[in-house]
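Engineer: Dropping in upload13.pdb, which is PDB, C-alpha atoms and all ligand atoms:
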ATOM      1  CA  MET H 780      17.239 -18.203  -7.296
ATOM      2  CA  ALA H 781      13.613 -17.358  -6.425
ATOM      3  CA  GLN H 782      13.293 -15.250  -3.289
ATOM      4  CA  THR H 783      10.329 -14.891  -1.017
ATOM      5  CA  SER H 784       8.673 -11.543  -0.385
ATOM      6  CA  THR H 785       9.242  -9.581   2.819
ATOM      7  CA  PRO H 786       5.966  -7.841   3.557
ATOM      8  CA  VAL H 787       6.290  -4.082   3.303
ATOM      9  CA  THR H 788       3.381  -1.701   3.769
ATOM     10  CA  GLY H 789       2.914   1.958   2.950
ATOM     11  CA  GLU H 790       3.798   2.745   6.580
ATOM     12  CA  THR H 791       6.958   0.636   6.858
ATOM     13  CA  ALA H 792       8.500   1.468   3.460
ATOM     14  CA  ASP H 793      11.944   3.079   3.823
ATOM     15  CA  ALA H 794      11.534   6.863   3.902
ATOM     16  CA  ALA H 795      14.676   7.285   1.770
ATOM     17  CA  LEU H 796      12.994   5.429  -1.111
ATOM     18  CA  PRO H 797      10.974   7.148  -3.844
ATOM     19  CA  ARG H 798       7.644   8.699  -2.869
ATOM     20  CA  PRO H 799       6.195   9.641  -6.262
ATOM     21  CA  THR H 800       3.385  12.144  -5.971
ATOM     22  CA  ARG H 801       2.327  11.635  -9.603
ATOM     23  CA  PHE H 802       2.193   8.601 -11.892
ATOM     24  CA  ALA H 803       4.395  10.587 -14.281
ATOM     25  CA  ASP H 804       7.157  10.490 -11.639
ATOM     26  CA  VAL H 805       7.468   6.691 -11.877
ATOM     27  CA  LYS H 806      10.196   5.759 -14.338
ATOM     28  CA  GLY H 807       9.391   3.193 -17.005
ATOM     29  CA  TRP H 808       8.333   2.570 -20.569
ATOM     30  CA  PHE H 809       4.580   2.673 -20.837
ATOM     31  CA  TRP H 810       3.179   5.133 -23.342
ATOM     32  CA  PRO H 811      -0.287   6.739 -23.424
ATOM     33  CA  VAL H 812      -1.507   4.645 -26.377
ATOM     34  CA  ASP H 813      -0.694   1.438 -24.475
ATOM     35  CA  GLN H 814      -2.219   2.830 -21.285
ATOM     36  CA  LEU H 815      -5.413   3.326 -23.304
ATOM     37  CA  LEU H 816      -5.258  -0.202 -24.683
ATOM     38  CA  PHE H 817      -4.552  -1.802 -21.275
ATOM     39  CA  ASP H 818      -7.561   0.099 -19.937
ATOM     40  CA  TRP H 819      -9.661  -0.958 -22.903
ATOM     41  CA  PHE H 820      -8.789  -4.691 -22.829
ATOM     42  CA  LEU H 821      -9.099  -5.007 -19.052
ATOM     43  CA  SER H 822     -12.390  -3.068 -18.924
ATOM     44  CA  HIS H 823     -13.747  -4.982 -21.927
ATOM     45  CA  GLN H 824     -13.108  -8.261 -20.078
ATOM     46  CA  ARG H 825     -14.989  -6.884 -17.058
ATOM     47  CA  ASP H 826     -17.907  -5.608 -19.182
ATOM     48  CA  THR H 827     -18.315  -8.727 -21.311
ATOM     49  CA  ASP H 828     -17.845 -11.187 -18.434
ATOM     50  CA  PRO H 829     -18.852  -9.344 -15.243
ATOM     51  CA  ASP H 830     -18.867 -12.487 -13.087
ATOM     52  CA  GLY H 831     -15.786 -14.008 -14.650
ATOM     53  CA  ARG H 832     -12.564 -13.864 -12.717
ATOM     54  CA  GLY H 833      -9.041 -14.182 -14.033
ATOM     55  CA  ASP H 834      -5.670 -13.308 -12.613
ATOM     56  CA  LEU H 835      -3.254 -10.737 -13.981
ATOM     57  CA  LEU H 836       0.440 -11.389 -14.607
ATOM     58  CA  GLU H 837       3.363  -9.192 -15.530
ATOM     59  CA  LEU H 838       6.749 -10.595 -16.559
ATOM     60  CA  GLY H 839       9.251  -7.723 -16.165
ATOM     61  CA  ALA H 840       8.047  -5.046 -13.799
ATOM     62  CA  TYR H 841      11.133  -2.775 -13.416
ATOM     63  CA  LEU H 842      10.106   0.137 -11.142
ATOM     64  CA  GLY H 843       6.409  -0.590 -11.410
ATOM     65  CA  LYS H 844       5.070   1.801 -14.034
ATOM     66  CA  SER H 845       2.932  -0.690 -15.985
ATOM     67  CA  ALA H 846       2.243  -2.792 -12.857
ATOM     68  CA  ILE H 847       0.818   0.201 -10.947
ATOM     69  CA  PHE H 848      -1.408   0.966 -13.911
ATOM     70  CA  THR H 849      -2.527  -2.648 -14.451
ATOM     71  CA  ALA H 850      -3.361  -3.182 -10.776
ATOM     72  CA  ARG H 851      -6.231  -0.726 -10.838
ATOM     73  CA  HIS H 852      -8.169  -3.284 -12.887
ATOM     74  CA  LEU H 853      -7.770  -5.959 -10.233
ATOM     75  CA  ARG H 854     -11.153  -7.209  -9.032
ATOM     76  CA  GLU H 855     -12.192  -8.849  -5.793
ATOM     77  CA  GLY H 856     -10.867 -12.415  -5.721
ATOM     78  CA  GLU H 857      -8.265 -11.880  -8.459
ATOM     79  CA  ARG H 858      -4.536 -12.131  -7.978
ATOM     80  CA  PHE H 859      -1.861  -9.964  -9.568
ATOM     81  CA  THR H 860       1.590 -11.549  -9.882
ATOM     82  CA  VAL H 861       4.683  -9.694 -11.034
ATOM     83  CA  CYS H 862       7.946 -11.440 -11.835
ATOM     84  CA  ASP H 863      11.294  -9.675 -12.077
ATOM     85  CA  LEU H 864      14.936 -10.254 -11.221
ATOM     86  CA  TRP H 865      15.241  -6.788  -9.649
ATOM     87  CA  ASP H 866      18.565  -6.943  -7.808
ATOM     88  CA  SER H 867      19.095 -10.721  -8.206
ATOM     89  CA  PRO H 868      21.716 -12.093 -10.593
ATOM     90  CA  ALA H 869      20.514 -12.912 -14.116
ATOM     91  CA  PRO H 870      20.379 -16.572 -15.158
ATOM     92  CA  ASP H 871      22.998 -16.309 -17.951
ATOM     93  CA  ASP H 872      25.749 -14.042 -19.268
ATOM     94  CA  SER H 873      23.740 -12.461 -22.093
ATOM     95  CA  ASN H 874      20.878 -11.655 -19.734
ATOM     96  CA  SER H 875      23.402 -10.326 -17.206
ATOM     97  CA  ALA H 876      24.899  -8.015 -19.853
ATOM     98  CA  GLU H 877      21.377  -6.891 -20.818
ATOM     99  CA  MET H 878      20.626  -6.104 -17.159
ATOM    100  CA  ASP H 879      23.867  -4.113 -16.697
ATOM    101  CA  ARG H 880      23.209  -2.163 -19.869
ATOM    102  CA  SER H 881      19.613  -1.233 -19.190
ATOM    103  CA  TYR H 882      18.712  -1.500 -15.497
ATOM    104  CA  ALA H 883      21.900  -0.870 -13.506
ATOM    105  CA  THR H 884      20.275   0.893 -10.558
ATOM    106  CA  LEU H 885      17.179  -1.274 -10.276
ATOM    107  CA  THR H 886      16.099  -2.458  -6.845
ATOM    108  CA  ARG H 887      13.164  -4.394  -5.540
ATOM    109  CA  ARG H 888      12.747  -1.874  -2.696
ATOM    110  CA  ALA H 889      12.301   0.961  -5.180
ATOM    111  CA  PHE H 890       9.604  -1.062  -6.970
ATOM    112  CA  GLU H 891       7.850  -1.659  -3.648
ATOM    113  CA  ALA H 892       8.027   2.003  -2.631
ATOM    114  CA  ASN H 893       6.648   3.134  -5.987
ATOM    115  CA  TYR H 894       3.875   0.547  -5.970
ATOM    116  CA  LEU H 895       2.811   1.301  -2.412
ATOM    117  CA  SER H 896       2.551   4.977  -3.299
ATOM    118  CA  PHE H 897      -0.492   4.059  -5.410
ATOM    119  CA  HIS H 898      -1.911   0.862  -3.890
ATOM    120  CA  ASP H 899      -2.564  -0.461  -0.389
ATOM    121  CA  GLU H 900      -0.889  -3.814  -0.878
ATOM    122  CA  LEU H 901       1.947  -5.234  -2.925
ATOM    123  CA  PRO H 902       1.146  -7.744  -5.659
ATOM    124  CA  THR H 903       2.454 -11.300  -5.364
ATOM    125  CA  MET H 904       6.120 -10.779  -6.162
ATOM    126  CA  VAL H 905       8.288 -13.450  -7.724
ATOM    127  CA  GLN H 906      11.896 -12.315  -7.646
ATOM    128  CA  ALA H 907      13.364 -14.816 -10.071
ATOM    129  CA  PRO H 908      13.973 -15.427 -13.772
ATOM    130  CA  THR H 909      10.702 -15.686 -15.663
ATOM    131  CA  SER H 910      11.545 -19.328 -16.412
ATOM    132  CA  VAL H 911      10.114 -20.234 -12.961
ATOM    133  CA  ILE H 912       6.743 -18.595 -13.533
ATOM    134  CA  THR H 913       4.787 -21.686 -14.580
ATOM    135  CA  SER H 914       5.659 -23.234 -11.209
ATOM    136  CA  ARG H 915       4.299 -20.154  -9.352
ATOM    137  CA  VAL H 916       1.103 -19.323 -11.201
ATOM    138  CA  GLU H 917      -1.718 -21.784 -11.800
ATOM    139  CA  ALA H 918      -2.146 -22.994 -15.382
ATOM    140  CA  ALA H 919      -5.040 -21.404 -17.334
ATOM    141  CA  SER H 920      -5.733 -18.904 -14.531
ATOM    142  CA  CYS H 921      -4.876 -15.535 -16.115
ATOM    143  CA  ARG H 922      -7.036 -13.200 -18.156
ATOM    144  CA  PHE H 923      -4.199 -10.815 -19.015
ATOM    145  CA  VAL H 924      -0.419 -11.348 -19.272
ATOM    146  CA  HIS H 925       2.062  -8.562 -20.001
ATOM    147  CA  VAL H 926       5.408  -9.872 -21.312
ATOM    148  CA  ASP H 927       8.126  -7.253 -20.789
ATOM    149  CA  ALA H 928      11.122  -8.996 -19.148
ATOM    150  CA  SER H 929      14.299 -10.064 -20.955
ATOM    151  CA  HIS H 930      14.305  -9.008 -24.606
ATOM    152  CA  LEU H 931      16.588 -11.888 -25.712
ATOM    153  CA  TYR H 932      15.148 -14.482 -28.098
ATOM    154  CA  GLU H 933      15.519 -17.583 -25.882
ATOM    155  CA  HIS H 934      13.921 -15.863 -22.877
ATOM    156  CA  VAL H 935      11.048 -14.338 -24.838
ATOM    157  CA  HIS H 936      10.422 -17.707 -26.485
ATOM    158  CA  GLY H 937      10.093 -19.230 -22.997
ATOM    159  CA  ASP H 938       7.861 -16.358 -21.826
ATOM    160  CA  ILE H 939       5.524 -16.942 -24.785
ATOM    161  CA  GLU H 940       5.219 -20.626 -23.899
ATOM    162  CA  ALA H 941       4.532 -19.638 -20.281
ATOM    163  CA  ALA H 942       1.902 -17.052 -21.282
ATOM    164  CA  LYS H 943       0.165 -19.640 -23.455
ATOM    165  CA  ALA H 944       0.024 -22.107 -20.557
ATOM    166  CA  LEU H 945      -1.076 -19.544 -17.960
ATOM    167  CA  LEU H 946      -3.773 -17.706 -19.934
ATOM    168  CA  ARG H 947      -7.316 -18.918 -19.571
ATOM    169  CA  PRO H 948      -9.291 -19.433 -22.843
ATOM    170  CA  GLY H 949      -9.658 -16.114 -24.651
ATOM    171  CA  GLY H 950      -7.124 -14.376 -22.380
ATOM    172  CA  ILE H 951      -5.065 -11.502 -23.769
ATOM    173  CA  VAL H 952      -1.277 -11.292 -23.995
ATOM    174  CA  SER H 953       0.685  -8.101 -24.610
ATOM    175  CA  PHE H 954       4.323  -8.158 -25.809
ATOM    176  CA  ASP H 955       6.524  -5.124 -25.378
ATOM    177  CA  ASP H 956       9.152  -4.020 -27.912
ATOM    178  CA  PHE H 957       7.987  -6.533 -30.499
ATOM    179  CA  ARG H 958       9.501  -4.563 -33.394
ATOM    180  CA  ALA H 959      12.314  -2.386 -32.018
ATOM    181  CA  GLU H 960      15.692  -2.295 -33.708
ATOM    182  CA  HIS H 961      17.569  -2.829 -30.413
ATOM    183  CA  CYS H 962      15.815  -6.132 -29.604
ATOM    184  CA  PRO H 963      15.357  -8.302 -32.712
ATOM    185  CA  GLY H 964      14.960 -11.378 -30.476
ATOM    186  CA  VAL H 965      11.517 -10.181 -29.354
ATOM    187  CA  SER H 966      10.288  -9.780 -32.968
ATOM    188  CA  ALA H 967      11.682 -13.185 -33.936
ATOM    189  CA  ALA H 968      10.046 -14.910 -30.966
ATOM    190  CA  VAL H 969       6.677 -13.136 -31.249
ATOM    191  CA  TRP H 970       6.216 -13.459 -35.017
ATOM    192  CA  GLY H 971       7.585 -17.013 -34.719
ATOM    193  CA  ALA H 972       4.726 -17.785 -32.317
ATOM    194  CA  VAL H 973       2.250 -16.272 -34.799
ATOM    195  CA  ALA H 974       3.650 -18.482 -37.574
ATOM    196  CA  THR H 975       4.007 -21.718 -35.649
ATOM    197  CA  ALA H 976       2.406 -21.646 -32.196
ATOM    198  CA  GLY H 977      -1.142 -20.452 -32.841
ATOM    199  CA  LEU H 978      -0.741 -16.910 -31.441
ATOM    200  CA  LYS H 979      -3.329 -14.650 -33.098
ATOM    201  CA  PRO H 980      -2.362 -11.000 -33.185
ATOM    202  CA  ILE H 981      -5.251  -8.555 -32.658
ATOM    203  CA  VAL H 982      -3.669  -5.122 -32.629
ATOM    204  CA  ILE H 983      -0.255  -3.480 -32.723
ATOM    205  CA  THR H 984       0.905  -0.063 -31.505
ATOM    206  CA  GLY H 985       4.372   1.420 -32.001
ATOM    207  CA  THR H 986       5.705  -0.644 -29.096
ATOM    208  CA  LYS H 987       3.336  -3.473 -28.207
ATOM    209  CA  LEU H 988       1.557  -6.366 -29.897
ATOM    210  CA  TYR H 989      -1.663  -7.652 -28.315
ATOM    211  CA  GLY H 990      -2.903 -11.133 -29.139
ATOM    212  CA  THR H 991      -4.719 -14.229 -27.946
ATOM    213  CA  TRP H 992      -4.728 -17.983 -28.338
ATOM    214  CA  GLY H 993      -8.531 -17.830 -28.347
ATOM    215  CA  ASP H 994     -10.903 -16.493 -31.016
ATOM    216  CA  PRO H 995      -9.700 -12.957 -31.847
ATOM    217  CA  ALA H 996     -12.793 -11.937 -33.863
ATOM    218  CA  PRO H 997     -15.218 -10.713 -31.129
ATOM    219  CA  VAL H 998     -12.616  -8.648 -29.276
ATOM    220  CA  ARG H 999     -11.244  -7.251 -32.541
ATOM    221  CA  GLU H1000     -14.727  -6.139 -33.653
ATOM    222  CA  ALA H1001     -15.415  -4.482 -30.277
ATOM    223  CA  LEU H1002     -12.034  -2.744 -30.388
ATOM    224  CA  LEU H1003     -12.766  -1.400 -33.883
ATOM    225  CA  VAL H1004     -16.054   0.091 -32.643
ATOM    226  CA  TRP H1005     -14.224   1.859 -29.803
ATOM    227  CA  LEU H1006     -11.480   3.088 -32.151
ATOM    228  CA  GLU H1007     -14.079   4.757 -34.380
ATOM    229  CA  SER H1008     -14.861   7.058 -31.438
ATOM    230  CA  ARG H1009     -11.228   8.042 -30.815
ATOM    231  CA  THR H1010     -10.169  11.154 -32.657
ATOM    232  CA  ASP H1011      -6.717  11.030 -31.013
ATOM    233  CA  LEU H1012      -5.798   7.590 -32.453
ATOM    234  CA  TRP H1013      -5.239   6.752 -36.103
ATOM    235  CA  HIS H1014      -6.042   3.147 -37.013
ATOM    236  CA  GLY H1015      -6.075   0.875 -40.038
ATOM    237  CA  VAL H1016      -6.585  -2.836 -40.654
ATOM    238  CA  GLU H1017      -4.249  -5.069 -42.610
ATOM    239  CA  GLU H1018      -4.324  -8.800 -43.399
ATOM    240  CA  VAL H1019      -1.390 -10.583 -41.699
ATOM    241  CA  ALA H1020      -0.921 -14.368 -41.652
ATOM    242  CA  GLY H1021      -4.504 -14.845 -42.791
ATOM    243  CA  LEU H1022      -6.108 -12.590 -40.130
ATOM    244  CA  PRO H1023      -7.114  -8.937 -39.992
ATOM    245  CA  LEU H1024      -4.618  -7.062 -37.810
ATOM    246  CA  ILE H1025      -5.439  -3.609 -36.410
ATOM    247  CA  ARG H1026      -2.630  -1.055 -36.537
ATOM    248  CA  ILE H1027      -2.782   1.983 -34.262
ATOM    249  CA  LYS H1028      -0.689   5.102 -34.513
ATOM    250  CA  GLY H1029      -0.820   6.682 -31.110
ATOM    251  CA  THR H1030       1.556   9.618 -31.239
ATOM    252  CA  LYS H1031      -1.329  11.980 -30.353
ATOM    253  CA  ALA H1032      -2.954   9.623 -27.837
ATOM    254  CA  GLU H1033      -4.585  11.341 -24.879
ATOM    255  CA  ALA H1034      -3.482   9.365 -21.826
ATOM    256  CA  PRO H1035      -6.283   8.122 -19.576
ATOM    257  CA  ALA H1036      -6.610   9.535 -16.049
ATOM    258  CA  PRO H1037      -3.486   8.337 -14.217
ATOM    259  CA  PRO H1038      -3.512   6.274 -11.010
ATOM    260  CA  LYS H1039      -3.573   8.597  -7.972
ATOM    261  CA  SER H1040      -0.641   8.719  -5.570
ATOM    262  CA  ARG H1041      -1.307   8.669  -1.830
ATOM    263  CA  HIS H1042       1.552  11.178  -1.311
ATOM    264  CA  ARG H1043       0.986  14.902  -1.581
ATOM    265  CA  PRO H1044       3.711  17.147  -3.032
ATOM    266  CA  ALA H1045       5.823  18.793  -0.315
ATOM    267  CA  PRO H1046       4.602  22.369   0.321
ATOM    268  CA  VAL H1047       6.722  24.873  -1.567
ATOM    269  CA  ALA H1048       8.490  27.352   0.753
ATOM    270  CA  VAL H1049       7.395  30.870  -0.316
ATOM    271  CA  PRO H1050      10.236  33.395   0.306
ATOM    272  CA  VAL H1051       9.126  36.084   2.793
ATOM    273  CA  PRO H1052      10.133  39.581   1.553
ATOM    274  CA  ALA H1053      12.213  41.756   3.939
ATOM    275  CA  PRO H1054       9.958  44.401   5.614
ATOM    276  CA  GLU H1055      10.013  47.908   4.110
ATOM    277  CA  PRO H1056      11.684  50.288   6.590
ATOM    278  CA  GLY H1057       8.675  51.849   8.354
ATOM    279  CA  PRO H1058       8.439  55.179  10.286
ATOM    280  CA  ALA H1059       9.621  53.409  13.454
ATOM    281  CA  SER H1060      12.925  52.482  11.873
ATOM    282  CA  ARG H1061      13.690  55.951  10.426
ATOM    283  CA  PRO H1062      16.429  57.898  12.335
ATOM    284  CA  ARG H1063      14.765  60.400  14.581
ATOM    285  CA  THR H1064      15.593  64.092  14.656
ATOM    286  CA  SER H1065      14.951  65.876  17.948
ATOM    287  CA  PRO H1066      12.486  68.892  17.885
ATOM    288  CA  SER H1067      15.286  71.338  18.995
ATOM    289  CA  ARG H1068      17.512  70.135  16.132
ATOM    290  CA  ARG H1069      14.648  70.513  13.635
ATOM    291  CA  LEU H1070      14.054  74.115  14.946
ATOM    292  CA  ALA H1071      17.774  75.011  14.683
ATOM    293  CA  LYS H1072      17.842  73.629  11.106
ATOM    294  CA  ASP H1073      14.866  75.862  10.172
ATOM    295  CA  LEU H1074      16.164  79.077  11.835
ATOM    296  CA  LEU H1075      19.974  79.104  11.436
ATOM    297  CA  PRO H1076      21.652  80.105   8.152
ATOM    298  CA  PRO H1077      22.689  77.047   6.063
ATOM    299  CA  ILE H1078      26.411  77.786   6.492
ATOM    300  CA  VAL H1079      26.044  77.434  10.303
ATOM    301  CA  THR H1080      23.959  74.216  10.177
ATOM    302  CA  ARG H1081      26.528  72.664   7.778
ATOM    303  CA  ALA H1082      29.350  73.579  10.191
ATOM    304  CA  LEU H1083      27.440  72.090  13.150
ATOM    305  CA  ARG H1084      26.698  68.850  11.186
ATOM    306  CA  SER H1085      30.331  68.385  10.203
ATOM    307  CA  ARG H1086      31.460  68.895  13.844
ATOM    308  CA  ARG H1087      28.907  66.240  15.001
ATOM    309  CA  GLY H1088      30.142  63.844  12.313
ATOM    310  CA  ALA H1089      33.785  64.386  13.415
TER
HETATM  311  C1  LIG U1101      11.708  -3.140 -19.833
HETATM  312  S1  LIG U1101      11.816  -3.482 -18.128
HETATM  313  C2  LIG U1101      10.130  -3.611 -17.644
HETATM  314  C3  LIG U1101       9.417  -2.293 -17.753
HETATM  315  C4  LIG U1101       8.076  -2.226 -17.037
HETATM  316  N1  LIG U1101       7.135  -3.214 -17.510
HETATM  317  C5  LIG U1101       7.509  -0.827 -17.223
HETATM  318  O1  LIG U1101       6.554  -0.646 -17.944
HETATM  319  O2  LIG U1101       8.067   0.119 -16.671
HETATM  320  C6  LIG U1101      12.378  -5.121 -18.116
HETATM  321  C7  LIG U1101      12.484  -5.771 -16.743
HETATM  322  O3  LIG U1101      12.728  -7.165 -16.951
HETATM  323  C8  LIG U1101      13.573  -7.639 -15.932
HETATM  324  N2  LIG U1101      14.233  -8.858 -16.445
HETATM  325  C9  LIG U1101      15.212  -8.941 -17.370
HETATM  326  N3  LIG U1101      15.530 -10.238 -17.579
HETATM  327  C10 LIG U1101      14.728 -10.982 -16.776
HETATM  328  C11 LIG U1101      14.561 -12.384 -16.550
HETATM  329  N4  LIG U1101      15.294 -13.282 -17.187
HETATM  330  N5  LIG U1101      13.655 -12.771 -15.641
HETATM  331  C12 LIG U1101      12.899 -11.857 -14.963
HETATM  332  N6  LIG U1101      12.992 -10.527 -15.155
HETATM  333  C13 LIG U1101      13.910 -10.098 -16.051
HETATM  334  C14 LIG U1101      14.508  -6.487 -15.630
HETATM  335  O4  LIG U1101      14.967  -6.580 -14.285
HETATM  336  C15 LIG U1101      13.626  -5.264 -15.864
HETATM  337  O5  LIG U1101      13.094  -4.788 -14.648
END
Here is the file; what I need is its structure written in the form of structure tokens.
Ligand SMILES: C[S@@+](CC[C@H](N)C(=O)[O-])C[C@H]1O[C@@H](n2cnc3c(N)ncnc32)[C@H](O)[C@@H]1O
Structural biologist:
Amino acid sequence: MAQTSTPVTGETADAALPRPTRFADVKGWFWPVDQLLFDWFLSHQRDTDPDGRGDLLELGAYLGKSAIFTARHLREGERFTVCDLWDSPAPDDSNSAEMDRSYATLTRRAFEANYLSFHDELPTMVQAPTSVITSRVEAASCRFVHVDASHLYEHVHGDIEAAKALLRPGGIVSFDDFRAEHCPGVSAAVWGAVATAGLKPIVITGTKLYGTWGDPAPVREALLVWLESRTDLWHGVEEVAGLPLIRIKGTKAEAPAPPKSRHRPAPVAVPVPAPEPGPASRPRTSPSRRLAKDLLPPIVTRALRSRRGA
């Protein structure tokens, strides 16, 4: 089922495909509070381990919104892999129904066009079910994994196992839709991993849970210090499964500066107003006619005008 990538560059991408001029034009589900947290976790890794390298991985990329954002944290020597079915068939009927319901018009080309509007090169693309990912990415090589593919329990369960195997010690995993009413399988799988598979949650937002299989304490303390400085984010701490868990309410979150598109908006055509009729376009009256109009009685000029009109 896995397909290999055809190289596409900014120059060769199909002109009929999307050319977003702003990050906001890329469709997806990636809210300001999570943009802030992605920025924070990925920058914190850079700041606390400047020489350390670790790859980035996204399971479920859709049209590239979170991938475009994540890729700006890619450092020299690191690899970014994204895995998605895009227009390939899903591995089972339930996943196929999920795809038809939610992503009917999804194409790999649209992802590529969006991504190349913001970055010079495509990431490593694995067009396949996420179940193949452990055979494509080296074990213990990733510093950050975003799990946002199928929302069905069996698939998410497999993605959690994969994330655990692919993260390097202390790496961070982010799970999307871990508590939404329309996808109970994600909650069951994620909280199941907290209860039985050693996943330690660090922080939750309205849509994502961030955790680690390493020691959560240092990163949690650093995150709390940063949160104290944010007047746009409410936060609290609550004991869950024996560990402090940070909760963030981000409805007023101020989104970080968005990735910049390489496309400029098309110039807007300004309507040119019709020229006012100037002296040149006014009907001319000959000097002899003007003189006759001034000297003759009105009754005669009216009679002359009506004869000319006839
Ligand atoms: C919620 S979208 C991802 C959204 C994206 N991360 C964003 O922020 O815009 C889920 C994606 O998972 C993909 N997907 C669903 N089931 C999958 C599976 N079994 N293997 C790989 N990808 C899958 C879908 O094609 C879809 O693009």
Engineer: Record the distance separating CA of Gly856 in chain H and CA of Leu835 in chain H, expressed in Å with one decimal.
Structural biologist: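 Straight-line distance from CA of Gly856 in chain H to CA of Leu835 in chain H works out to 11.4 Å.
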Engineer: H:Ala840, H:Leu816, H:Val952, H:Val935: which is nearest Tyr894 in chain H, counting only C-alpha atoms?
Structural biologist: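 Looking only at the distances to Tyr894 in chain H, the closest residue turns out to be H:Ala840.
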Engineer: As a VMD selection string, please: the residues near Ile939 in chain H (cut-off 8 Å, all atoms listed in the file, same-chain neighbours under 4 positions excluded).
Structural biologist: chain H and resid 926 935 943 968 to 969 972
Engineer: Take the residues from that selection and write them out as a PDB file, in the frame of the given file, keeping C-alpha atoms.
Structural biologist:
ATOM      1  CA  VAL H 926       5.408  -9.872 -21.312  1.00  0.00           C
ATOM      2  CA  VAL H 935      11.048 -14.338 -24.838  1.00  0.00           C
ATOM      3  CA  LYS H 943       0.165 -19.640 -23.455  1.00  0.00           C
ATOM      4  CA  ALA H 968      10.046 -14.910 -30.966  1.00  0.00           C
ATOM      5  CA  VAL H 969       6.677 -13.136 -31.249  1.00  0.00           C
ATOM      6  CA  ALA H 972       4.726 -17.785 -32.317  1.00  0.00           C
TER       7      ALA H 972
END
Engineer: Give me the result of the PyMOL selection byres (((not hetatm)) within 7 of (chain U and resi 1101)) on this file, residue by residue, as a PyMOL selection string.
Structural biologist: chain H and resi 806-809+838-846+862-865+869-870+874+878+882+885+907-910+927-929+934
Engineer: Please, which residues are within 12 Å of (-15.1, 2.2, -22.3) by the file's coordinates, counting all atoms listed in the file, and could they come as a list in words?
Structural biologist: Leu815, Leu816, Phe817, Asp818, Trp819, Phe820, Leu821, Ser822, His823, Gln824, Arg825, Asp826, Thr827, Ala1001, Leu1002, Val1004, Trp1005, Leu1006, Ser1008, Arg1009 and Pro1035 of chain H
Engineer: Kindly resolve the PyMOL selection byres (((chain H and resi 944) around 9) and not hetatm) on the present coordinates and return the residues as a list of chain:residue names.
Structural biologist: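 Selection result, ordered by chain and number: H:Thr913, H:Glu917, H:Ala918, H:Ala919, H:Ser920, H:Ile939, H:Glu940, H:Ala941, H:Ala942, H:Lys943, H:Leu945, H:Leu946, H:Arg947.
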Engineer: Store the residues picked out above in a file with C-alpha atoms, as a JSON list (two decimals), in the coordinates of the input.
Structural biologist:
[["chain", "number", "residue", "atom", "x", "y", "z"],
["H", 913, "THR", "CA", 4.79, -21.69, -14.58],
["H", 917, "GLU", "CA", -1.72, -21.78, -11.80],
["H", 918, "ALA", "CA", -2.15, -22.99, -15.38],
["H", 919, "ALA", "CA", -5.04, -21.40, -17.33],
["H", 920, "SER", "CA", -5.73, -18.90, -14.53],
["H", 939, "ILE", "CA", 5.52, -16.94, -24.78],
["H", 940, "GLU", "CA", 5.22, -20.63, -23.90],
["H", 941, "ALA", "CA", 4.53, -19.64, -20.28],
["H", 942, "ALA", "CA", 1.90, -17.05, -21.28],
["H", 943, "LYS", "CA", 0.16, -19.64, -23.46],
["H", 945, "LEU", "CA", -1.08, -19.54, -17.96],
["H", 946, "LEU", "CA", -3.77, -17.71, -19.93],
["H", 947, "ARG", "CA", -7.32, -18.92, -19.57]]
Engineer: Hey, which of H:Asp834, H:Glu1007, H:Asp879, H:Glu960 ends up closest to Val861 in chain H? Count all atoms listed in the file.
Structural biologist: H:Asp834
Engineer: By how many Å are CA of Tyr989 in chain H and CA of Lys1031 in chain H apart?
Structural biologist: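 If I compute the distance from CA of Tyr989 in chain H to CA of Lys1031 in chain H, I get 19.7 Å.
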Engineer: What does the distance between CA of Val916 in chain H and CA of Arg832 in chain H come to in Å, to one decimal place?
Structural biologist: 14.8 Å
Engineer: Nearest to Arg798 in chain H: which of H:Ser896, H:Thr903, H:Gln814, H:Thr984 is it, counting only C-alpha atoms?
Structural biologist: H:Ser896
Engineer: Write a file for range 804-808 of chain H, containing N, CA, C and O atoms (output as a short mmCIF file (atom, residue, chain, number, x, y, z; two decimals), in the first residue's frame).
Structural biologist:
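File produced: out.cif:
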data_model
loop_
_atom_site.label_atom_id
_atom_site.label_comp_id
_atom_site.auth_asym_id
_atom_site.auth_seq_id
_atom_site.Cartn_x
_atom_site.Cartn_y
_atom_site.Cartn_z
N ASP H 804 -4.93 30.50 5.05
CA ASP H 804 -5.65 29.95 3.90
C ASP H 804 -5.53 28.42 3.81
O ASP H 804 -6.21 27.80 3.00
N VAL H 805 -4.63 27.84 4.60
CA VAL H 805 -4.46 26.37 4.55
C VAL H 805 -5.51 25.74 5.47
O VAL H 805 -5.57 26.05 6.66
N LYS H 806 -6.31 24.84 4.88
CA LYS H 806 -7.37 24.22 5.68
C LYS H 806 -6.80 23.21 6.64
O LYS H 806 -5.84 22.51 6.31
N GLY H 807 -7.40 23.10 7.83
CA GLY H 807 -6.93 22.10 8.78
C GLY H 807 -7.50 22.38 10.15
O GLY H 807 -8.37 23.25 10.31
N TRP H 808 -6.99 21.65 11.13
CA TRP H 808 -7.48 21.79 12.50
C TRP H 808 -6.28 22.00 13.40
O TRP H 808 -5.68 21.03 13.88
#
